[in-house]
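Reviewing the structure listed below.
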2 protein chains.
Amino acid sequence: MSSTSKELAKDKGQGGKPLSAGELQKMDAYWRACNYLCVGMLYLRANPLLREPLKAEHIKNRLLGHWGSDPGQTFVWVHLNRLIKKYDLDLIYLSGPGHGAPATLSNSYLEGVYSEVYPDKSEDVAGMLKFFKQFSFPGGIGSHCTPETPGSIHEGGELGYSLSHGFGAAFDNPDLIVTVVVGDGEAETGPLATSWHSNKFLNPVRDGAVLPILHLNGYKIANPTVLARITPEELEWMFKGFGWEPHVVEGDDPATMHQLMAGVMEDCVKEIRAIQKKARSAPKGTEPERPRWPMIVLRSPKGWTCPKEIDGHKLEGSWRAHQMPILDPVTNPKHLKLVEKWMKSYKPEELFDESGKLIAELREMAPVGKRRITANPHANGGLLRKPMELPDFRDYAVKVEKPGQIEVSPTDVLAHFLRDAMKMNMTSFRVFGPDETASNKLQAIYEASGKTWMAKLLPEDADGGDLARDGRVMEILSEHTLEGWFEGYVLTGRHGFFSSYESFVHIIDSMFNQHAKWLEKSKLELRWRAPISSINLLITSLVWRQDHNGFTHQDPGFLDVVTNKSPEITRIYLPPDANCLLSVGDHCLRSSNYVNVIVADKAPHMQYLNMDNAIKHCTKGIGIWDFASNDAGDEPDVVMACAGDIPTEEALAAVAILREHCSDVKIRFVNVVDLFRLMPDTEHPHGLSEREFDGLFTKNKPVIFNFHAYASLVHKLTYKRTNHKNFHVRGYKEKGNINTPLELAILNQIDRFDLAIDVIDRVPRLQLTAAHTKEWLKGQIIEAVNYAHENGIDSKEIREWRWPL
Amino acid sequence: MSSTSKELAKDKGQGGKPLSAGELQKMDAYWRACNYLCVGMLYLRANPLLREPLKAEHIKNRLLGHWGSDPGQTFVWVHLNRLIKKYDLDLIYLSGPGHGAPATLSNSYLEGVYSEVYPDKSEDVAGMLKFFKQFSFPGGIGSHCTPETPGSIHEGGELGYSLSHGFGAAFDNPDLIVTVVVGDGEAETGPLATSWHSNKFLNPVRDGAVLPILHLNGYKIANPTVLARITPEELEWMFKGFGWEPHVVEGDDPATMHQLMAGVMEDCVKEIRAIQKKARSAPKGTEPERPRWPMIVLRSPKGWTCPKEIDGHKLEGSWRAHQMPILDPVTNPKHLKLVEKWMKSYKPEELFDESGKLIAELREMAPVGKRRITANPHANGGLLRKPMELPDFRDYAVKVEKPGQIEVSPTDVLAHFLRDAMKMNMTSFRVFGPDETASNKLQAIYEASGKTWMAKLLPEDADGGDLARDGRVMEILSEHTLEGWFEGYVLTGRHGFFSSYESFVHIIDSMFNQHAKWLEKSKLELRWRAPISSINLLITSLVWRQDHNGFTHQDPGFLDVVTNKSPEITRIYLPPDANCLLSVGDHCLRSSNYVNVIVADKAPHMQYLNMDNAIKHCTKGIGIWDFASNDAGDEPDVVMACAGDIPTEEALAAVAILREHCSDVKIRFVNVVDLFRLMPDTEHPHGLSEREFDGLFTKNKPVIFNFHAYASLVHKLTYKRTNHKNFHVRGYKEKGNINTPLELAILNQIDRFDLAIDVIDRVPRLQLTAAHTKEWLKGQIIEAVNYAHENGIDSKEIREWRWPL
């Protein structure tokens, strides 16, 4: 940073010395205690307080852990503690740098929280030893801020999401300060890079504050970081360009750094409070303007306070300090000595009493009760969560007197329910979507709340822009940022709903994976973590209506990713019509600790079930549609099964054709809403038993299954079933360009004509009797494609249909 | 942007008027011709030159297309043409904004290239009509710059990768200028946001230049863009912070804007040439410094030159101009008139001659031959591609005298081959990896070339930093940026190799999807696109060796994503040892038009095959390992199959155990290198025929299949096989934390002991005779876990083994 800004930072620090000598000494001692614990967990399996000379057998057999960012993070923490106590701050801490858990763990232990949550890790010598040994140890805990870590809502195993998680936590938490330490490695990722812009979506009146601290320690695993090697001016410009007011703390001398940091951090807290006070005390009706929020650049050496050199190579302040700075203390006595000297440099004998507990004088440096960062309930959001208030979803039902007669947009229907749900939860529910809420036909939600927008407003925005300073619909063209906000929001005890174009939900595959893993551990292994709201992902603008956007927008493969994660966490619903979507939507919003994936299109589609039947159908999750079946009491000739709104429509149209042309064929029509019903009940809690499955799909009749996504997914879920060998699944097979809806269906053979042919081909007696029909069906296919290529639209005559009454 | 910078821009433009009146008039006319064609393709299916009054029946039935960014992009293009001609520039153009293809298409048509590639779209009235009609029309072409678009290497269907693609194209192309128009919507994505930092990796001596043009037209689908609504100062700071020198062109009056743009763009070209000249003429041995490259901010109205208003609502300069500005000309006669008036405002009668061809005076505005942007061979990179020179991979073989006796790191062996491959292709091969090349044990490559680094160098970098201004190993902590660079590099005719931690390759799932779709269209439907090098993805730091990084780093699901894409494009290899990895690596580097996914770990693993056998095995892709089988000539009792280095090792260890304890059981050992061998030959070109498959796996014997990734993938590939019902597949099942390697295998039951139990459980006669053995195996499992939890490492006695000789 420029010398000007450095001086500025110093100046702000009340003459550069905000801390008294005593305060400084105690803060430094607390910091040394943190750092001692960090090194201890990296290295020791015995002799935790070094009360005897360090020997090889005290060292862990496998040295796995990361020192690099720990001392910088503990440094931040000590200074946060001071301000929490001084100003009674409600504050949580997100650790962005990878493998930085020792910083949070050591503080949690010193705050006494760790021993409260895990009583065997008690505040004494024996407990400290267990605390050390378990770290990055088989059967123990990881080196990220995993769910096991008190105070964590951000694991940091995959990099890039710390800041968007932090903003999610701050939304609608007006008194909360969310400190986010961003690693300079993490800062190179795309998701992190764009999430600096989140400040255009934070309202100082109703939201809390995010205080980002870029930890510029210079190195990743093996390379310098980009941000550490641009000019100080560029770095300052960049953050000012992103709309932040950067404050710099730079150096390596602890005493000087403590004074600098104390001053800068206090300034930041004061700036935050001043911004909030100004916005919140403005006359009623005044729209808040976007402030320039403060942020901190902490430029400290990588691995700060470890030995300066090892074997003539630079250690502190180099990539060599990223992981274990000293790799071979077990076999290299000189290096064993170096570890001992390093650990003793923190003077553990001054920090811990005879029993192994932090001395009383230092204990009082930490806040107490829920103000302790690792005990803050916002970081165990389920504790604060209240169930959503919801209107009766049945009030939004589409009137369906007879199946298959009218068309409506399912998402448009859902939008009205969501609109009123929004009205009933105006401080605890947000809707997320990448510039596509309206495109996904959810714009009715804007009647309850506009789109959050703290950037500049123009007069013309009043004409249909739906922008609002206090809007609750979050739109930015970054699925990463939205998903990060959403996760942060639910992890702190609130509720949300995300809609995405189907194809581009793959952008957040990896975020889904990580959140599912977090949930699985929290739910199945950690009783102390209270359940949080589910992530509700509405996948819409589906592959089958990407006939105009073309090939790039056709990818229903997210479901394959989802099915790889724990059955305890994942739910997939494919409601066939609007009433089913309402029922599913209500169910998902009430649920906790899941990732619910709902697949439903935005275009108008045929409706089949009245609300009562929709509820029954969705509760069962799979079922025979009697109106479309003619096998009453008998074994059918064939089962026509389907999952997904468009495949259902085509399957029904196929049955209608067969009724007319092959009226003697007995068809059972099965619709699947809850995809995991297909799995064995031994593998998924929603799975059907063998008996139930066979009851629906028979033991030996042909099954034509028209599926929304890739056909192989149905095989993946059903390969163990009795009748699987007779399953003939149609789905998307990577065929598409610019096509009409019917043409796209035909290209992938999920259309009514191909399905009818499938039936004819698989019911032996039809192969003789229905030869004519088959030829006619083939003719229809050719005619449909020709018409589309000629006219640019589907032939109404060929495509439109009603279920026969 | 600040008024200062605006004035600066004006000043630079040679008094603000670099264009003579005649030149201005002709450029504007050419621009009008482009825009006319853009609107024509959006609307018309007849009457292409409006030689009769526009009627409803001339309008397409389905209006699908996007006008928003077209006129801004054609404006850029006209100015590029001027400079290409003036300075004989070798220049390509990447269109970042979504759905902006009309700009490229119209120019390609005017340049005559379109008619050369697609002769039926001739330069006359009939050809123009076909050209209009096919656009975003069933059976026609899409509204992105799809592979069908001459001059395109960047489709832009999914947003975020234009700039990284552009840099990939510029690397090692010293004379090339890559113009990248970045949409301000796209600019909000994470991948785009961080790719501005690519300038720290571009060497002005050996690489070409990238000229980014941020097209700040203010709106996305339905929202303002963030960058358009921050202050001009913030925007300038941001780009200066990213290391660019921004030039602003802002306004809406065409004449003024032409003068401004001509001046600014010429300045940029001169700056680029000056930077290059300075760097390239420096005395030998001078290391180049990172320059501040120029970039342009073009702030022009969204939908520029369309009607200002519609029905009292703002149209030009608003989100309403994003897609079709006028939606209902067919049914609304007033709006039909408006379309006609709009189109006629471009004065087509002045632009096209009687035959429908662009008038000669305007034709000469475009460059000729390969200088025409859409004819530039860099955008059809296969034309320029030369096969890689490769050393003989057999020279790097690990000496394997007997199978299963020694351990080496497979990736370390491969690294030496890659190192020498690098030396032989020092201007056309790059290696990509997110700060993990060394972590993935590929650091031998640095002996041929260091890591590209144009940011600041420090003295300590000399000590093992491996950084180099002219390095050819690309490392930034952004998988998105790396994959984008890599794609841009191969799309322009060069070669590359990407290594990633397995779990985090999911970050680029969607980029993989998009590239696979591009390749599929190019390869299967577009003869004129010459084959390009394959994307080679080495997936390493595998799930089974994430025992120390924990649960977040355990996800082998990328293979599931890959198997959803076209069999013509996708290849997956799981070489079981280092010699097989060499053989596979060589094969992949020689291939074209694939995405090759290679799964191989970095940790030391057992070696089985000498080089001759490895070549034979990899050529077959699947095979019986005789040394591990004892079913010679007979049907076995059981088939032990495996895919992946770690599962292979465990499977062999299981067989070794069974040899000792159940020596009478006849086991056939099958190893799979080429995963698609498992698919039927009717579905994948690498698939085995039914006969071949049954020959390997029998028709009715139990098959224990130990798989690297999720077990369901094997079922997905084999469910049609005769013996599928007897396939019992082991794979990763989301069980893991901090564990030893053996404990992690045990948790997921891919370990030797569980596999041996699987055999015992499935061979009826063993259930009696091997009861003791089974108990012993269970004991071994408990002992292994206990040892690990006690000591933090695996018991050597339990884990280490050698194949019995």
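In the structure tokens, the first chain shown is A, the next is B, and so on; residue numbers restart at 1 for each chain, and ligands run from 1 in the order shown.
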
- Residues of stretch 62-258 of chain A in strand (DSSP E) according to DSSP, as a PyMOL selection string? chain A and resi 90-95+176-183+209-215+244-250

Write the residues of the selection above to a file with N, CA and C atoms, as an mmCIF file, in the first residue's frame.
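Listed below is the output, again_23.cif:
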data_model
loop_
_atom_site.group_PDB
_atom_site.id
_atom_site.type_symbol
_atom_site.label_atom_id
_atom_site.label_comp_id
_atom_site.auth_asym_id
_atom_site.auth_seq_id
_atom_site.Cartn_x
_atom_site.Cartn_y
_atom_site.Cartn_z
ATOM 1 N N ASP A 90 -21.413 -7.988 18.953
ATOM 2 C CA ASP A 90 -21.927 -9.288 18.541
ATOM 3 C C ASP A 90 -21.180 -9.636 17.250
ATOM 4 N N LEU A 91 -20.254 -10.546 17.318
ATOM 5 C CA LEU A 91 -19.304 -10.705 16.211
ATOM 6 C C LEU A 91 -18.980 -12.177 15.973
ATOM 7 N N ILE A 92 -18.979 -12.559 14.716
ATOM 8 C CA ILE A 92 -18.503 -13.902 14.362
ATOM 9 C C ILE A 92 -17.320 -13.788 13.410
ATOM 10 N N TYR A 93 -16.680 -14.907 13.199
ATOM 11 C CA TYR A 93 -15.395 -14.928 12.487
ATOM 12 C C TYR A 93 -15.413 -16.054 11.457
ATOM 13 N N LEU A 94 -15.123 -15.728 10.204
ATOM 14 C CA LEU A 94 -15.018 -16.750 9.163
ATOM 15 C C LEU A 94 -13.570 -16.825 8.709
ATOM 16 N N SER A 95 -13.074 -18.029 8.667
ATOM 17 C CA SER A 95 -11.670 -18.235 8.326
ATOM 18 C C SER A 95 -11.553 -18.682 6.876
ATOM 19 N N LEU A 176 -25.013 -7.519 13.902
ATOM 20 C CA LEU A 176 -23.885 -8.450 13.807
ATOM 21 C C LEU A 176 -22.730 -7.866 12.981
ATOM 22 N N ILE A 177 -21.523 -8.116 13.460
ATOM 23 C CA ILE A 177 -20.339 -7.846 12.630
ATOM 24 C C ILE A 177 -19.737 -9.189 12.242
ATOM 25 N N VAL A 178 -19.573 -9.370 10.952
ATOM 26 C CA VAL A 178 -19.010 -10.624 10.453
ATOM 27 C C VAL A 178 -17.598 -10.338 9.962
ATOM 28 N N THR A 179 -16.637 -10.833 10.692
ATOM 29 C CA THR A 179 -15.244 -10.664 10.275
ATOM 30 C C THR A 179 -14.879 -11.818 9.359
ATOM 31 N N VAL A 180 -14.381 -11.485 8.202
ATOM 32 C CA VAL A 180 -13.992 -12.531 7.254
ATOM 33 C C VAL A 180 -12.522 -12.372 6.920
ATOM 34 N N VAL A 181 -11.738 -13.335 7.320
ATOM 35 C CA VAL A 181 -10.335 -13.312 6.906
ATOM 36 C C VAL A 181 -10.244 -14.014 5.554
ATOM 37 N N VAL A 182 -9.818 -13.261 4.554
ATOM 38 C CA VAL A 182 -9.704 -13.787 3.197
ATOM 39 C C VAL A 182 -8.235 -14.100 2.936
ATOM 40 N N GLY A 183 -7.953 -15.328 2.584
ATOM 41 C CA GLY A 183 -6.577 -15.677 2.254
ATOM 42 C C GLY A 183 -6.177 -15.077 0.925
ATOM 43 N N ALA A 209 -22.800 -5.802 9.386
ATOM 44 C CA ALA A 209 -21.610 -5.363 8.660
ATOM 45 C C ALA A 209 -20.687 -6.542 8.407
ATOM 46 N N VAL A 210 -19.974 -6.455 7.297
ATOM 47 C CA VAL A 210 -18.933 -7.431 7.001
ATOM 48 C C VAL A 210 -17.600 -6.688 7.037
ATOM 49 N N LEU A 211 -16.698 -7.195 7.824
ATOM 50 C CA LEU A 211 -15.360 -6.593 7.872
ATOM 51 C C LEU A 211 -14.371 -7.582 7.272
ATOM 52 N N PRO A 212 -14.034 -7.390 5.997
ATOM 53 C CA PRO A 212 -13.074 -8.310 5.381
ATOM 54 C C PRO A 212 -11.643 -7.929 5.786
ATOM 55 N N ILE A 213 -10.872 -8.931 6.049
ATOM 56 C CA ILE A 213 -9.448 -8.717 6.316
ATOM 57 C C ILE A 213 -8.683 -9.563 5.315
ATOM 58 N N LEU A 214 -8.097 -8.896 4.340
ATOM 59 C CA LEU A 214 -7.282 -9.646 3.380
ATOM 60 C C LEU A 214 -5.966 -9.978 4.060
ATOM 61 N N HIS A 215 -5.742 -11.249 4.239
ATOM 62 C CA HIS A 215 -4.492 -11.647 4.894
ATOM 63 C C HIS A 215 -3.430 -11.869 3.831
ATOM 64 N N TRP A 244 -14.550 -0.450 -1.461
ATOM 65 C CA TRP A 244 -14.151 -0.551 -0.055
ATOM 66 C C TRP A 244 -13.188 0.576 0.311
ATOM 67 N N GLU A 245 -13.041 0.809 1.594
ATOM 68 C CA GLU A 245 -12.036 1.749 2.090
ATOM 69 C C GLU A 245 -10.950 0.928 2.774
ATOM 70 N N PRO A 246 -9.843 0.697 2.077
ATOM 71 C CA PRO A 246 -8.832 -0.195 2.661
ATOM 72 C C PRO A 246 -7.973 0.487 3.744
ATOM 73 N N HIS A 247 -7.696 -0.250 4.792
ATOM 74 C CA HIS A 247 -6.766 0.168 5.844
ATOM 75 C C HIS A 247 -5.642 -0.853 5.875
ATOM 76 N N VAL A 248 -4.438 -0.368 5.984
ATOM 77 C CA VAL A 248 -3.320 -1.299 5.881
ATOM 78 C C VAL A 248 -2.613 -1.471 7.210
ATOM 79 N N VAL A 249 -2.346 -2.700 7.544
ATOM 80 C CA VAL A 249 -1.497 -2.996 8.694
ATOM 81 C C VAL A 249 -0.374 -3.865 8.160
ATOM 82 N N GLU A 250 0.832 -3.360 8.245
ATOM 83 C CA GLU A 250 1.933 -4.064 7.577
ATOM 84 C C GLU A 250 3.152 -4.091 8.478
#

Near chain B, which residues of chain A fall within 6 Å when you count only C-alpha atoms, and what do they look like as a PDB file with C-alpha atoms, in the first residue's frame?
ATOM      1  CA  PHE A 137      -5.161 -37.375  13.300  1.00  0.00           C
ATOM      2  CA  PRO A 138      -6.982 -40.582  12.308  1.00  0.00           C
ATOM      3  CA  GLY A 139     -10.331 -40.645  14.020  1.00  0.00           C
ATOM      4  CA  GLY A 142      -9.476 -32.000  10.189  1.00  0.00           C
ATOM      5  CA  GLY A 157     -11.850 -26.906   2.529  1.00  0.00           C
ATOM      6  CA  GLU A 188      -7.268 -15.549  -6.696  1.00  0.00           C
ATOM      7  CA  THR A 189     -10.341 -17.733  -7.160  1.00  0.00           C
ATOM      8  CA  GLY A 190     -13.125 -16.424  -9.344  1.00  0.00           C
ATOM      9  CA  PRO A 191     -15.882 -16.766  -6.758  1.00  0.00           C
ATOM     10  CA  ALA A 193     -12.838 -12.144  -6.746  1.00  0.00           C
ATOM     11  CA  THR A 194     -16.370 -11.195  -7.679  1.00  0.00           C
ATOM     12  CA  ARG A 229       3.136  -9.061  -5.906  1.00  0.00           C
ATOM     13  CA  GLU A 234      -2.671  -1.261  -7.507  1.00  0.00           C
ATOM     14  CA  LEU A 235      -3.851  -3.083  -4.433  1.00  0.00           C
ATOM     15  CA  TRP A 237      -6.954   1.006  -6.305  1.00  0.00           C
ATOM     16  CA  MET A 238      -8.445  -2.422  -6.634  1.00  0.00           C
ATOM     17  CA  GLY A 241     -12.600   0.188  -7.137  1.00  0.00           C
ATOM     18  CA  ALA A 455     -25.629   0.657  -6.285  1.00  0.00           C
ATOM     19  CA  LYS A 456     -26.696   3.752  -8.163  1.00  0.00           C
ATOM     20  CA  LEU A 477     -24.916 -12.599 -12.394  1.00  0.00           C
ATOM     21  CA  SER A 478     -22.850 -14.953 -10.283  1.00  0.00           C
ATOM     22  CA  HIS A 506     -23.456 -26.980 -12.783  1.00  0.00           C
ATOM     23  CA  ILE A 507     -21.486 -23.822 -12.060  1.00  0.00           C
ATOM     24  CA  SER A 510     -18.687 -28.069  -6.203  1.00  0.00           C
ATOM     25  CA  GLY A 550     -29.502 -24.021 -28.014  1.00  0.00           C
ATOM     26  CA  THR A 552     -25.084 -24.830 -24.423  1.00  0.00           C
ATOM     27  CA  SER A 712     -28.625 -43.567 -17.175  1.00  0.00           C
ATOM     28  CA  LYS A 716     -28.269 -46.039 -11.625  1.00  0.00           C
ATOM     29  CA  ILE A 738     -32.149 -24.536 -32.194  1.00  0.00           C
ATOM     30  CA  ASN A 739     -35.298 -26.617 -32.351  1.00  0.00           C
ATOM     31  CA  HIS A 789     -38.141 -26.372 -40.165  1.00  0.00           C
ATOM     32  CA  GLY A 792     -40.098 -22.039 -37.145  1.00  0.00           C
TER      33      GLY A 792
END

Selection near B:Leu524, 10 Å with only C-alpha atoms, sequence-local residues under 5 positions removed, as a PDB file with N, CA and C atoms, in the first residue's frame:
ATOM      1  N   LEU B 519     -16.814 -29.194 -28.875  1.00  0.00           N
ATOM      2  CA  LEU B 519     -16.059 -30.208 -29.625  1.00  0.00           C
ATOM      3  C   LEU B 519     -16.988 -31.128 -30.399  1.00  0.00           C
ATOM      4  N   ARG B 529     -14.028 -27.182 -39.712  1.00  0.00           N
ATOM      5  CA  ARG B 529     -13.216 -26.956 -38.510  1.00  0.00           C
ATOM      6  C   ARG B 529     -12.195 -28.076 -38.407  1.00  0.00           C
ATOM      7  N   GLU B 568     -18.324 -39.604 -28.534  1.00  0.00           N
ATOM      8  CA  GLU B 568     -17.355 -39.268 -29.590  1.00  0.00           C
ATOM      9  C   GLU B 568     -16.256 -38.357 -29.072  1.00  0.00           C
ATOM     10  N   ILE B 569     -16.437 -37.823 -27.903  1.00  0.00           N
ATOM     11  CA  ILE B 569     -15.579 -36.755 -27.385  1.00  0.00           C
ATOM     12  C   ILE B 569     -14.855 -37.163 -26.108  1.00  0.00           C
TER      13      ILE B 569
END

- Task: Skip B:Arg668 itself and residues of its chain fewer than 5 positions away, then list as a ChimeraX atom specification all residues within 9 Å of it, counting only C-alpha atoms.
- Result: /B:624-626,628-632,635-641,696-697

Given the selection you just returned, output its residues as a file containing C-alpha atoms, formatted as a short mmCIF file (atom, residue, chain, number, x, y, z; two decimals), in the first residue's frame.
data_model
loop_
_atom_site.label_atom_id
_atom_site.label_comp_id
_atom_site.auth_asym_id
_atom_site.auth_seq_id
_atom_site.Cartn_x
_atom_site.Cartn_y
_atom_site.Cartn_z
CA ILE B 624 -6.94 -60.32 -17.63
CA TRP B 625 -3.77 -60.17 -15.59
CA ASP B 626 -2.42 -63.68 -15.86
CA ALA B 628 -2.80 -62.64 -10.66
CA SER B 629 -5.21 -65.20 -12.04
CA ASN B 630 -5.34 -68.92 -11.38
CA ASP B 631 -8.26 -69.91 -13.58
CA ALA B 632 -6.14 -70.86 -16.58
CA GLU B 635 -14.24 -70.77 -15.79
CA PRO B 636 -13.21 -69.04 -12.58
CA ASP B 637 -15.15 -69.19 -9.32
CA VAL B 638 -15.08 -65.45 -9.17
CA VAL B 639 -13.82 -62.47 -11.16
CA MET B 640 -11.89 -59.86 -9.23
CA ALA B 641 -12.04 -56.69 -11.33
CA LEU B 696 -13.84 -61.48 -19.61
CA PHE B 697 -16.53 -61.28 -16.96
#

Excluding same-chain residues fewer than 4 positions from B:Gln405, what lies within 10 Å of it counting only C-alpha atoms, as a CSV table (one decimal) with C-alpha atoms, in the first residue's frame?
chain,number,residue,atom,x,y,z
B,400,VAL,CA,9.5,-53.8,-13.3
B,401,GLU,CA,11.0,-57.3,-13.2
B,606,MET,CA,2.9,-50.5,-6.3
B,607,GLN,CA,4.1,-51.3,-9.9
B,608,TYR,CA,2.9,-54.3,-11.9
B,801,TRP,CA,2.6,-56.3,1.1
B,802,ARG,CA,4.3,-57.8,-2.0
B,803,TRP,CA,2.8,-59.9,-4.6
B,804,PRO,CA,3.8,-63.5,-3.8
B,805,LEU,CA,6.6,-64.8,-6.1

- Query: Quick one: of A:Lys699, A:Arg472, A:His684, A:His617, who's nearest to A:Val670, counting only C-alpha atoms?
  - Reply: A:His617

- Residues at most 7 Å from A:Met41, counting only C-alpha atoms, excluding those fewer than 2 positions away in the same chain, as a ChimeraX atom specification? /A:37-39,43-44,132-133,135

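Atom CA of A:Ile59 lies 25.6 Å from atom CA of A:Ile359.
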
- Task: Once DSSP has gone over the backbone, tell me which residues of stretch 517-596 of chain B are in alpha helix (DSSP H), as a ChimeraX atom specification.
- Result: /B:517-525,558-562,578-590

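Distances to B:Ala415 were evaluated for B:Lys602, B:Leu298, B:Glu800, B:Thr570 using only C-alpha atoms, and the minimum falls at B:Lys602.
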